[in-house]
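So this block is final_5.cif, mmCIF, C-alpha atoms:
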```
data_data
loop_
_atom_site.group_PDB
_atom_site.id
_atom_site.type_symbol
_atom_site.label_atom_id
_atom_site.label_comp_id
_atom_site.auth_asym_id
_atom_site.auth_seq_id
_atom_site.Cartn_x
_atom_site.Cartn_y
_atom_site.Cartn_z
ATOM 1 C CA MET A 1 119.277 45.781 122.764
ATOM 2 C CA ASN A 2 116.255 43.873 124.091
ATOM 3 C CA LEU A 3 113.289 46.162 123.388
ATOM 4 C CA SER A 4 111.413 44.709 126.354
ATOM 5 C CA ARG A 5 113.830 46.699 128.539
ATOM 6 C CA VAL A 6 112.672 49.999 127.015
ATOM 7 C CA ASP A 7 109.951 51.628 129.096
ATOM 8 C CA LEU A 8 108.199 54.303 127.004
ATOM 9 C CA ASN A 9 107.814 56.406 130.149
ATOM 10 C CA LEU A 10 111.602 56.625 130.313
ATOM 11 C CA LEU A 11 111.668 58.315 126.909
ATOM 12 C CA VAL A 12 109.026 60.780 128.118
ATOM 13 C CA TYR A 13 111.225 61.477 131.163
ATOM 14 C CA LEU A 14 114.279 61.948 128.949
ATOM 15 C CA ASP A 15 112.410 64.333 126.628
ATOM 16 C CA VAL A 16 111.374 66.574 129.516
ATOM 17 C CA LEU A 17 114.748 66.358 131.288
ATOM 18 C CA LEU A 18 116.633 67.445 128.173
ATOM 19 C CA ARG A 19 114.217 70.321 127.700
ATOM 20 C CA GLU A 20 114.253 71.540 131.322
ATOM 21 C CA LYS A 21 117.836 70.524 132.277
ATOM 22 C CA ASN A 22 116.621 70.480 135.875
ATOM 23 C CA VAL A 23 115.327 67.422 137.767
ATOM 24 C CA THR A 24 113.018 69.412 140.071
ATOM 25 C CA ARG A 25 111.319 71.350 137.264
ATOM 26 C CA ALA A 26 111.070 68.251 135.081
ATOM 27 C CA ALA A 27 109.426 66.273 137.913
ATOM 28 C CA GLU A 28 106.898 69.070 138.451
ATOM 29 C CA GLN A 29 106.031 69.129 134.767
ATOM 30 C CA LEU A 30 105.645 65.351 134.660
ATOM 31 C CA GLY A 31 103.567 65.295 137.852
ATOM 32 C CA ILE A 32 105.863 62.859 139.666
ATOM 33 C CA THR A 33 108.149 63.136 142.676
ATOM 34 C CA GLN A 34 111.785 64.173 142.375
ATOM 35 C CA PRO A 35 113.054 60.814 143.742
ATOM 36 C CA ALA A 36 110.944 58.990 141.137
ATOM 37 C CA LEU A 37 112.484 61.054 138.339
ATOM 38 C CA SER A 38 115.987 60.625 139.778
ATOM 39 C CA ASN A 39 115.401 56.870 139.675
ATOM 40 C CA GLY A 40 114.179 57.238 136.096
ATOM 41 C CA LEU A 41 117.354 59.123 135.181
ATOM 42 C CA ARG A 42 119.435 56.331 136.730
ATOM 43 C CA ARG A 43 117.608 53.766 134.579
ATOM 44 C CA LEU A 44 118.086 55.941 131.484
ATOM 45 C CA ARG A 45 121.825 56.118 132.141
ATOM 46 C CA GLU A 46 121.935 52.310 132.388
ATOM 47 C CA LEU A 47 119.846 51.932 129.238
ATOM 48 C CA PHE A 48 122.024 54.210 127.092
ATOM 49 C CA GLY A 49 125.346 53.579 128.823
ATOM 50 C CA ASP A 50 125.892 57.319 129.144
ATOM 51 C CA PRO A 51 125.476 59.872 131.975
ATOM 52 C CA LEU A 52 123.193 61.940 129.668
ATOM 53 C CA LEU A 53 123.059 64.933 132.060
ATOM 54 C CA VAL A 54 126.093 66.061 134.055
ATOM 55 C CA ARG A 55 126.165 68.608 136.877
ATOM 56 C CA THR A 56 128.324 71.641 136.016
ATOM 57 C CA SER A 57 128.632 75.204 137.294
ATOM 58 C CA GLU A 58 125.832 76.115 134.879
ATOM 59 C CA GLY A 59 123.498 73.375 136.156
ATOM 60 C CA MET A 60 122.628 70.082 134.429
ATOM 61 C CA THR A 61 124.429 69.955 131.075
ATOM 62 C CA PRO A 62 123.538 67.369 128.377
ATOM 63 C CA THR A 63 126.322 65.144 127.097
ATOM 64 C CA GLU A 64 127.075 64.828 123.399
ATOM 65 C CA ARG A 65 125.125 61.553 123.344
ATOM 66 C CA ALA A 66 122.117 63.266 124.948
ATOM 67 C CA ASN A 67 122.143 66.038 122.331
ATOM 68 C CA GLU A 68 122.154 63.376 119.599
ATOM 69 C CA LEU A 69 119.242 61.574 121.237
ATOM 70 C CA GLN A 70 117.003 64.612 121.789
ATOM 71 C CA PRO A 71 115.552 64.996 118.243
ATOM 72 C CA GLN A 72 115.263 61.199 117.882
ATOM 73 C CA VAL A 73 113.339 60.850 121.157
ATOM 74 C CA ARG A 74 111.071 63.777 120.243
ATOM 75 C CA GLY A 75 110.349 62.115 116.886
ATOM 76 C CA ILE A 76 109.555 58.761 118.533
ATOM 77 C CA LEU A 77 107.138 60.370 121.002
ATOM 78 C CA ALA A 78 105.463 62.385 118.245
ATOM 79 C CA SER A 79 104.920 59.172 116.248
ATOM 80 C CA VAL A 80 103.440 57.416 119.281
ATOM 81 C CA GLU A 81 101.126 60.346 119.956
ATOM 82 C CA LYS A 82 99.993 60.256 116.339
ATOM 83 C CA ALA A 83 99.297 56.510 116.586
ATOM 84 C CA VAL A 84 97.180 56.694 119.738
ATOM 85 C CA LEU A 85 95.227 59.863 118.930
ATOM 86 C CA PRO A 86 91.842 59.210 117.354
ATOM 87 C CA VAL A 87 91.665 60.269 113.735
ATOM 88 C CA ALA A 88 89.113 63.053 113.422
ATOM 89 C CA GLU A 89 88.046 65.047 110.421
ATOM 90 C CA PHE A 90 88.437 68.805 110.671
ATOM 91 C CA ASP A 91 85.462 70.837 109.508
ATOM 92 C CA ALA A 92 86.600 74.450 109.184
ATOM 93 C CA LYS A 93 83.032 75.642 108.574
ATOM 94 C CA THR A 94 81.841 74.480 112.006
ATOM 95 C CA SER A 95 85.053 74.582 114.054
ATOM 96 C CA THR A 96 85.262 76.944 117.054
ATOM 97 C CA ARG A 97 88.959 76.266 117.615
ATOM 98 C CA VAL A 98 91.343 78.952 118.880
ATOM 99 C CA PHE A 99 94.705 78.969 117.082
ATOM 100 C CA ARG A 100 97.541 80.625 118.997
ATOM 101 C CA ILE A 101 100.106 82.086 116.625
ATOM 102 C CA MET A 102 103.331 83.933 117.331
ATOM 103 C CA ALA A 103 103.725 86.527 114.590
ATOM 104 C CA THR A 104 106.125 89.399 114.157
ATOM 105 C CA ASP A 105 104.941 92.899 113.336
ATOM 106 C CA TYR A 106 106.053 92.221 109.748
ATOM 107 C CA ALA A 107 103.938 89.063 109.475
ATOM 108 C CA GLU A 108 100.955 90.677 111.191
ATOM 109 C CA SER A 109 101.043 93.731 108.930
ATOM 110 C CA THR A 110 101.258 91.851 105.659
ATOM 111 C CA LEU A 111 99.478 88.558 106.280
ATOM 112 C CA LEU A 112 96.822 89.008 108.965
ATOM 113 C CA ALA A 113 94.220 91.114 107.114
ATOM 114 C CA PRO A 114 94.073 88.893 103.978
ATOM 115 C CA LEU A 115 94.076 85.773 106.185
ATOM 116 C CA LEU A 116 91.070 87.047 108.133
ATOM 117 C CA ASN A 117 89.319 87.795 104.839
ATOM 118 C CA ASP A 118 89.838 84.195 103.739
ATOM 119 C CA LEU A 119 88.735 82.759 107.092
ATOM 120 C CA ARG A 120 85.572 84.879 107.190
ATOM 121 C CA ASP A 121 83.929 82.532 104.704
ATOM 122 C CA ALA A 122 85.983 79.368 105.088
ATOM 123 C CA ALA A 123 86.033 79.220 108.912
ATOM 124 C CA PRO A 124 83.673 81.847 110.388
ATOM 125 C CA ASP A 125 83.927 80.675 114.016
ATOM 126 C CA ILE A 126 87.673 80.108 114.254
ATOM 127 C CA THR A 127 89.554 82.565 116.503
ATOM 128 C CA LEU A 128 93.175 83.676 116.073
ATOM 129 C CA ASP A 129 95.162 84.585 119.195
ATOM 130 C CA ILE A 130 98.236 86.497 117.965
ATOM 131 C CA LEU A 131 101.241 86.704 120.290
ATOM 132 C CA THR A 132 104.438 88.718 119.869
ATOM 133 C CA PRO A 133 107.936 87.161 119.793
ATOM 134 C CA SER A 134 108.647 88.403 123.324
ATOM 135 C CA ASP A 135 105.547 86.541 124.590
ATOM 136 C CA VAL A 136 106.859 83.074 123.759
ATOM 137 C CA SER A 137 109.986 80.927 123.577
ATOM 138 C CA PHE A 138 111.150 78.056 121.388
ATOM 139 C CA GLN A 139 110.243 75.809 124.324
ATOM 140 C CA ASP A 140 106.616 76.996 124.194
ATOM 141 C CA LEU A 141 106.544 76.219 120.476
ATOM 142 C CA GLU A 142 108.162 72.807 120.931
ATOM 143 C CA GLN A 143 105.659 71.822 123.624
ATOM 144 C CA GLY A 144 102.714 72.838 121.441
ATOM 145 C CA LYS A 145 101.634 75.619 123.812
ATOM 146 C CA ILE A 146 101.312 77.786 120.709
ATOM 147 C CA ASP A 147 100.285 76.389 117.354
ATOM 148 C CA MET A 148 102.885 78.019 115.142
ATOM 149 C CA ALA A 149 105.360 80.853 114.787
ATOM 150 C CA ILE A 150 105.467 83.047 111.678
ATOM 151 C CA ASN A 151 108.796 84.829 111.406
ATOM 152 C CA ARG A 152 112.137 84.996 109.599
ATOM 153 C CA PHE A 153 114.307 82.432 111.357
ATOM 154 C CA ASP A 154 118.095 82.433 111.170
ATOM 155 C CA GLN A 155 117.984 78.905 112.561
ATOM 156 C CA LEU A 156 115.484 76.533 114.142
ATOM 157 C CA PRO A 157 115.847 73.538 116.468
ATOM 158 C CA GLN A 158 116.287 70.373 114.410
ATOM 159 C CA SER A 159 113.041 68.804 115.646
ATOM 160 C CA PHE A 160 110.802 71.628 114.351
ATOM 161 C CA HIS A 161 108.833 71.465 111.114
ATOM 162 C CA GLN A 162 108.696 74.479 108.815
ATOM 163 C CA ALA A 163 107.199 75.784 105.597
ATOM 164 C CA THR A 164 107.958 78.871 103.520
ATOM 165 C CA VAL A 165 105.228 81.507 103.165
ATOM 166 C CA TRP A 166 107.207 83.684 100.729
ATOM 167 C CA ARG A 167 110.555 85.248 99.873
ATOM 168 C CA ASP A 168 110.530 89.038 100.032
ATOM 169 C CA SER A 169 112.821 91.698 98.589
ATOM 170 C CA PHE A 170 113.422 95.148 100.081
ATOM 171 C CA SER A 171 112.083 98.580 99.126
ATOM 172 C CA CYS A 172 112.790 102.122 100.281
ATOM 173 C CA LEU A 173 109.809 104.078 101.581
ATOM 174 C CA MET A 174 110.084 107.848 101.976
ATOM 175 C CA SER A 175 108.222 111.123 101.679
ATOM 176 C CA ALA A 176 107.332 112.239 98.153
ATOM 177 C CA ASP A 177 109.027 115.523 99.155
ATOM 178 C CA ASN A 178 112.308 113.915 100.194
ATOM 179 C CA PRO A 179 115.089 115.644 98.186
ATOM 180 C CA VAL A 180 117.011 112.365 97.673
ATOM 181 C CA LEU A 181 114.331 111.297 95.188
ATOM 182 C CA GLU A 182 115.763 113.622 92.529
ATOM 183 C CA ASN A 183 118.652 111.242 91.925
ATOM 184 C CA PHE A 184 118.195 108.192 94.124
ATOM 185 C CA ASP A 185 121.550 106.478 93.842
ATOM 186 C CA LEU A 186 123.826 104.982 96.514
ATOM 187 C CA GLU A 187 125.397 108.361 97.291
ATOM 188 C CA ALA A 188 121.972 109.935 97.850
ATOM 189 C CA TYR A 189 120.909 106.960 99.977
ATOM 190 C CA LEU A 190 123.979 107.310 102.222
ATOM 191 C CA GLN A 191 123.431 111.063 102.596
ATOM 192 C CA GLY A 192 119.890 110.486 103.891
ATOM 193 C CA ASN A 193 118.728 109.871 107.444
ATOM 194 C CA HIS A 194 117.433 106.380 108.106
ATOM 195 C CA ILE A 195 114.907 104.454 110.163
ATOM 196 C CA TRP A 196 116.089 101.023 111.284
ATOM 197 C CA VAL A 197 113.607 98.220 111.966
ATOM 198 C CA SER A 198 114.433 95.159 114.042
ATOM 199 C CA LYS A 199 114.759 91.682 112.586
ATOM 200 C CA THR A 200 112.701 90.474 115.506
ATOM 201 C CA GLY A 201 113.562 87.095 116.984
ATOM 202 C CA MET A 202 111.990 85.197 119.863
ATOM 203 C CA GLY A 203 112.719 86.385 123.394
ATOM 204 C CA VAL A 204 113.350 89.746 124.998
ATOM 205 C CA GLY A 205 115.087 92.281 122.749
ATOM 206 C CA ARG A 206 118.142 94.412 123.541
ATOM 207 C CA GLY A 207 119.300 97.916 122.734
ATOM 208 C CA MET A 208 121.136 98.498 119.474
ATOM 209 C CA ASN A 209 124.712 99.530 118.700
ATOM 210 C CA THR A 210 125.235 101.454 115.444
ATOM 211 C CA LYS A 211 128.839 100.158 115.247
ATOM 212 C CA ASP A 212 127.799 96.491 114.994
ATOM 213 C CA PRO A 213 126.490 95.908 111.433
ATOM 214 C CA GLN A 214 126.004 92.151 111.951
ATOM 215 C CA ARG A 215 123.541 92.754 114.778
ATOM 216 C CA LEU A 216 121.915 95.544 112.789
ATOM 217 C CA GLY A 217 120.715 93.017 110.222
ATOM 218 C CA TRP A 218 120.318 92.524 106.478
ATOM 219 C CA VAL A 219 120.381 96.114 105.201
ATOM 220 C CA ASP A 220 123.441 97.176 107.172
ATOM 221 C CA GLU A 221 125.262 93.907 106.507
ATOM 222 C CA ALA A 222 124.737 94.475 102.768
ATOM 223 C CA LEU A 223 126.129 98.013 103.043
ATOM 224 C CA ALA A 224 129.067 96.857 105.165
ATOM 225 C CA GLU A 225 130.141 94.370 102.477
ATOM 226 C CA SER A 226 130.886 97.318 100.187
ATOM 227 C CA GLY A 227 132.470 99.359 102.999
ATOM 228 C CA HIS A 228 129.502 101.676 103.640
ATOM 229 C CA THR A 229 127.363 102.598 106.626
ATOM 230 C CA ARG A 230 124.138 104.556 106.759
ATOM 231 C CA ARG A 231 123.158 107.326 109.169
ATOM 232 C CA ILE A 232 120.509 105.817 111.456
ATOM 233 C CA ARG A 233 118.390 108.375 113.293
ATOM 234 C CA LEU A 234 115.742 106.052 114.749
ATOM 235 C CA PHE A 235 115.587 102.449 115.918
ATOM 236 C CA THR A 236 112.164 100.829 116.108
ATOM 237 C CA ARG A 237 110.836 97.288 116.432
ATOM 238 C CA HIS A 238 107.630 98.028 114.502
ATOM 239 C CA TYR A 239 107.366 98.132 110.712
ATOM 240 C CA GLN A 240 104.191 100.182 110.719
ATOM 241 C CA VAL A 241 105.846 102.831 112.929
ATOM 242 C CA ALA A 242 108.734 102.970 110.453
ATOM 243 C CA ALA A 243 106.287 103.359 107.555
ATOM 244 C CA LEU A 244 104.413 106.126 109.379
ATOM 245 C CA LEU A 245 107.582 108.068 110.186
ATOM 246 C CA ALA A 246 108.869 107.691 106.621
ATOM 247 C CA SER A 247 106.411 110.438 105.673
ATOM 248 C CA GLN A 248 108.762 112.959 107.314
ATOM 249 C CA PRO A 249 110.721 114.785 104.569
ATOM 250 C CA ASP A 250 114.229 113.771 105.709
ATOM 251 C CA LEU A 251 113.807 110.065 106.591
ATOM 252 C CA ILE A 252 114.157 106.819 104.618
ATOM 253 C CA ALA A 253 112.765 103.473 105.747
ATOM 254 C CA THR A 254 114.239 100.409 104.026
ATOM 255 C CA LEU A 255 111.573 97.760 104.512
ATOM 256 C CA PRO A 256 110.512 94.380 103.154
ATOM 257 C CA THR A 257 108.606 95.048 99.943
ATOM 258 C CA GLN A 258 105.387 93.476 101.234
ATOM 259 C CA VAL A 259 105.309 96.113 104.019
ATOM 260 C CA ALA A 260 106.152 98.998 101.676
ATOM 261 C CA ARG A 261 103.437 98.019 99.178
ATOM 262 C CA LEU A 262 100.781 98.502 101.879
ATOM 263 C CA HIS A 263 101.419 102.238 101.338
ATOM 264 C CA ALA A 264 101.555 102.181 97.542
ATOM 265 C CA GLU A 265 98.328 104.201 97.222
ATOM 266 C CA ASP A 266 99.463 106.955 99.600
ATOM 267 C CA SER A 267 100.386 109.967 97.442
ATOM 268 C CA ARG A 268 102.440 111.432 100.287
ATOM 269 C CA LEU A 269 104.896 108.557 100.043
ATOM 270 C CA ALA A 270 107.246 107.223 97.373
ATOM 271 C CA ILE A 271 108.604 103.696 96.965
ATOM 272 C CA ARG A 272 111.970 103.076 95.342
ATOM 273 C CA LYS A 273 114.181 100.065 94.775
ATOM 274 C CA PRO A 274 117.304 100.195 97.011
ATOM 275 C CA PRO A 275 120.393 101.375 95.072
ATOM 276 C CA PHE A 276 122.375 98.332 96.243
ATOM 277 C CA MET A 277 121.828 94.573 96.549
ATOM 278 C CA ILE A 278 120.135 93.213 99.694
ATOM 279 C CA ILE A 279 119.637 89.465 100.055
ATOM 280 C CA PRO A 280 115.890 88.664 100.146
ATOM 281 C CA ILE A 281 114.368 87.450 103.389
ATOM 282 C CA GLU A 282 112.238 84.344 103.830
ATOM 283 C CA LEU A 283 109.048 84.368 105.886
ATOM 284 C CA LYS A 284 108.381 80.936 107.371
ATOM 285 C CA ILE A 285 105.925 79.028 109.522
ATOM 286 C CA ALA A 286 107.449 76.810 112.215
ATOM 287 C CA TRP A 287 105.615 74.311 114.407
ATOM 288 C CA SER A 288 106.158 71.482 116.857
ATOM 289 C CA PRO A 289 106.330 67.842 115.740
ATOM 290 C CA LEU A 290 103.521 67.311 118.265
ATOM 291 C CA LEU A 291 101.172 69.143 115.879
ATOM 292 C CA GLN A 292 102.519 67.809 112.598
ATOM 293 C CA HIS A 293 99.582 65.420 112.065
ATOM 294 C CA ASP A 294 96.795 67.441 113.694
ATOM 295 C CA PRO A 295 94.043 67.820 111.018
ATOM 296 C CA GLY A 296 93.085 71.375 112.018
ATOM 297 C CA HIS A 297 96.707 72.434 112.132
ATOM 298 C CA ILE A 298 97.357 70.920 108.700
ATOM 299 C CA TRP A 299 94.375 72.845 107.330
ATOM 300 C CA LEU A 300 95.532 76.215 108.708
ATOM 301 C CA ARG A 301 99.123 75.688 107.546
ATOM 302 C CA ARG A 302 97.905 75.054 104.012
ATOM 303 C CA GLU A 303 95.649 78.091 104.126
ATOM 304 C CA ILE A 304 98.555 80.355 105.137
ATOM 305 C CA VAL A 305 101.045 78.936 102.621
ATOM 306 C CA ASP A 306 98.509 79.130 99.786
ATOM 307 C CA LEU A 307 97.641 82.695 100.774
ATOM 308 C CA GLY A 308 101.307 83.685 100.839
ATOM 309 C CA GLN A 309 101.859 82.405 97.327
ATOM 310 C CA ARG A 310 98.734 84.181 96.111
ATOM 311 C CA ILE A 311 99.895 87.487 97.602
ATOM 312 C CA ILE A 312 103.309 87.171 95.946
ATOM 313 C CA GLN A 313 101.689 86.422 92.567
ATOM 314 C CA GLU A 314 99.425 89.463 92.885
ATOM 315 C CA THR A 315 102.423 91.645 93.755
ATOM 316 C CA THR A 316 104.440 90.303 90.812
ATOM 317 C CA ASN A 317 101.595 90.911 88.345
ATOM 318 C CA ARG A 318 101.173 94.582 89.285
#
```
Would you mind writing the file's structure down as structure tokens?
Amino acid sequence: MNLSRVDLNLLVYLDVLLREKNVTRAAEQLGITQPALSNGLRRLRELFGDPLLVRTSEGMTPTERANELQPQVRGILASVEKAVLPVAEFDAKTSTRVFRIMATDYAESTLLAPLLNDLRDAAPDITLDILTPSDVSFQDLEQGKIDMAINRFDQLPQSFHQATVWRDSFSCLMSADNPVLENFDLEAYLQGNHIWVSKTGMGVGRGMNTKDPQRLGWVDEALAESGHTRRIRLFTRHYQVAALLASQPDLIATLPTQVARLHAEDSRLAIRKPPFMIIPIELKIAWSPLLQHDPGHIWLRREIVDLGQRIIQETTNR
């Protein structure tokens, strides 16, 4: 292919078209007319020898070739943006930047307070704007509308970057007066009443079905593998609500250990290791390739990852 035929604007058009899958919306986002974008799509089809987007009953559907191109095009545009952006040093001490972060209740509960403690001295004028998973979408993250998402991700779009904050086991939190504590084995666990907490993903949540262990998440999947189910009395999407209600004498909350340890000093509560194996979860940061080389973003990512490792070491040494 003669590279002189490749108009960089066409790749920008293709990136937005594959994200929006709608010519009208894509044109609005690009700030051009619909006929201009339709002409751009025609030129893209000629360039790649493929229809790229095909009209179906569900709207504009990408072809297999288009799906292959999407992460490559996003990578090319990210590299170009990196090349043309001026290189600037990031001074955390003087920065007044606002970082927008999507964080689950789990991440907020365990990570936010120690992070703010670190930033108080290192970056006193930086502001954190914390959003919930239902506030944002993968598209918002990809476009750099939010700086990063901190969550447990089953899967991420191929173009995203990610880093691990920590791997976390599970613990059972319950009242110190709960009778199951006398002999806390699997039989006692199954006889108890349980609080379920959502493995929150991005987007609007749905109601739960106690007969669907796969949708119920890690704890119930682990029980199902050995042919067991637990008696769930409450569904909640908030780890701190689950921890609060665990003080009732007949309830058990099976939570990530980093959440349970927040209540280790509360004499009204007891923490026990689950009497069965649950696969540990992995808390991760995910961000757009658009922000991969941003100096301030690099600095905050390192701060969070370093903090996560420090917290795990402190927990292990106790």
Near-region 54-67 of chain A list (12 Å; only C-alpha atoms; drop same-chain fewer than 5 positions) as a ChimeraX atom specification: /A:11,14-15,17-26,41,44-45,48-49,72-74,157-159
Evaluate the PyMOL selection byres ((chain A and resi 300-306) around 10) and record the selected residues as a VMD selection string, following the chain and residue labels used in the document. chain A and resid 92 99 111 to 112 114 to 115 118 to 119 122 to 123 147 to 148 150 162 to 166 284 to 287 292 295 to 299 307 to 311
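Compared by their closest atoms to Thr132 (chain A), and using only C-alpha atoms, the residues A:Ala149, A:Met102, A:Leu255, A:Ala113 rank with A:Met102 nearest.
For the point (98.0, 80.4, 120.7), the residues with at least one atom inside 7 Å, counting only C-alpha atoms, are A:Phe99, A:Arg100, A:Ile101, A:Asp129, A:Ile130, A:Lys145, A:Ile146, A:Asp147.
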Evaluate the PyMOL selection byres ((chain A and resi 278) around 10) and record the selected residues as number ranges by chain, following the chain and residue labels used in the document. A: 169-171, 218-223, 274-277, 279-281
Residues matched by the PyMOL selection byres ((chain A and resi 181) around 12), written as a ChimeraX atom specification: /A:172-180,182-189,191-192,249-252,269-275
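In this model, the gap between CA of Leu290 (chain A) and CA of Gln70 (chain A) comes to 14.2 Å.
For the set A:Ser109, A:Asn317, A:Asn39, A:Ser137, the residue with the smallest atom-to-atom gap to Gln258 (chain A) is A:Ser109, counting only C-alpha atoms.
You will find CA of Ala83 (chain A) at 28.5 Å from CA of Val136 (chain A).
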Compute the distance from (110.6, 83.8, 109.3) to each atom, counting only C-alpha atoms, keep the residues with any atom at most 6 Å away, and return them as number ranges by chain; use the coordinates of the file. A: 150-153, 282-284
Would you mind reading off the distance between CA of Ala242 (chain A) and CA of Thr254 (chain A), one decimal, in Å? 8.8 Å
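Distances here use only C-alpha atoms; by that measure, the residue among A:Val259, A:Ile195, A:Ala36, A:Leu77 closest to Leu234 (chain A) is A:Ile195.
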With 5 Å added on each side, what axis-aligned box encloses every listed atom of region 111-115 of chain A? Give the centre and edge lengths in Å to one decimal, as lines of an AutoDock Vina configuration file.
```
center_x = 96.8
center_y = 88.4
center_z = 106.5
size_x = 15.4
size_y = 15.3
size_z = 15.0
```
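Among the candidates A:Asp294, A:Glu28, A:Glu225, A:Asp266, the one nearest to Phe90 (chain A) when counting only C-alpha atoms is A:Asp294.
Here the question is which of A:Val16, A:Glu265, A:Ala260, A:Ala107 gets nearest to Gly31 (chain A) using only C-alpha atoms, and that residue is A:Val16.
The smallest atom-to-atom distance between Val12 (chain A) and any of A:Asp105, A:Glu68, A:Glu81, A:Asp50, using all atoms listed in the file, is found for A:Glu81.
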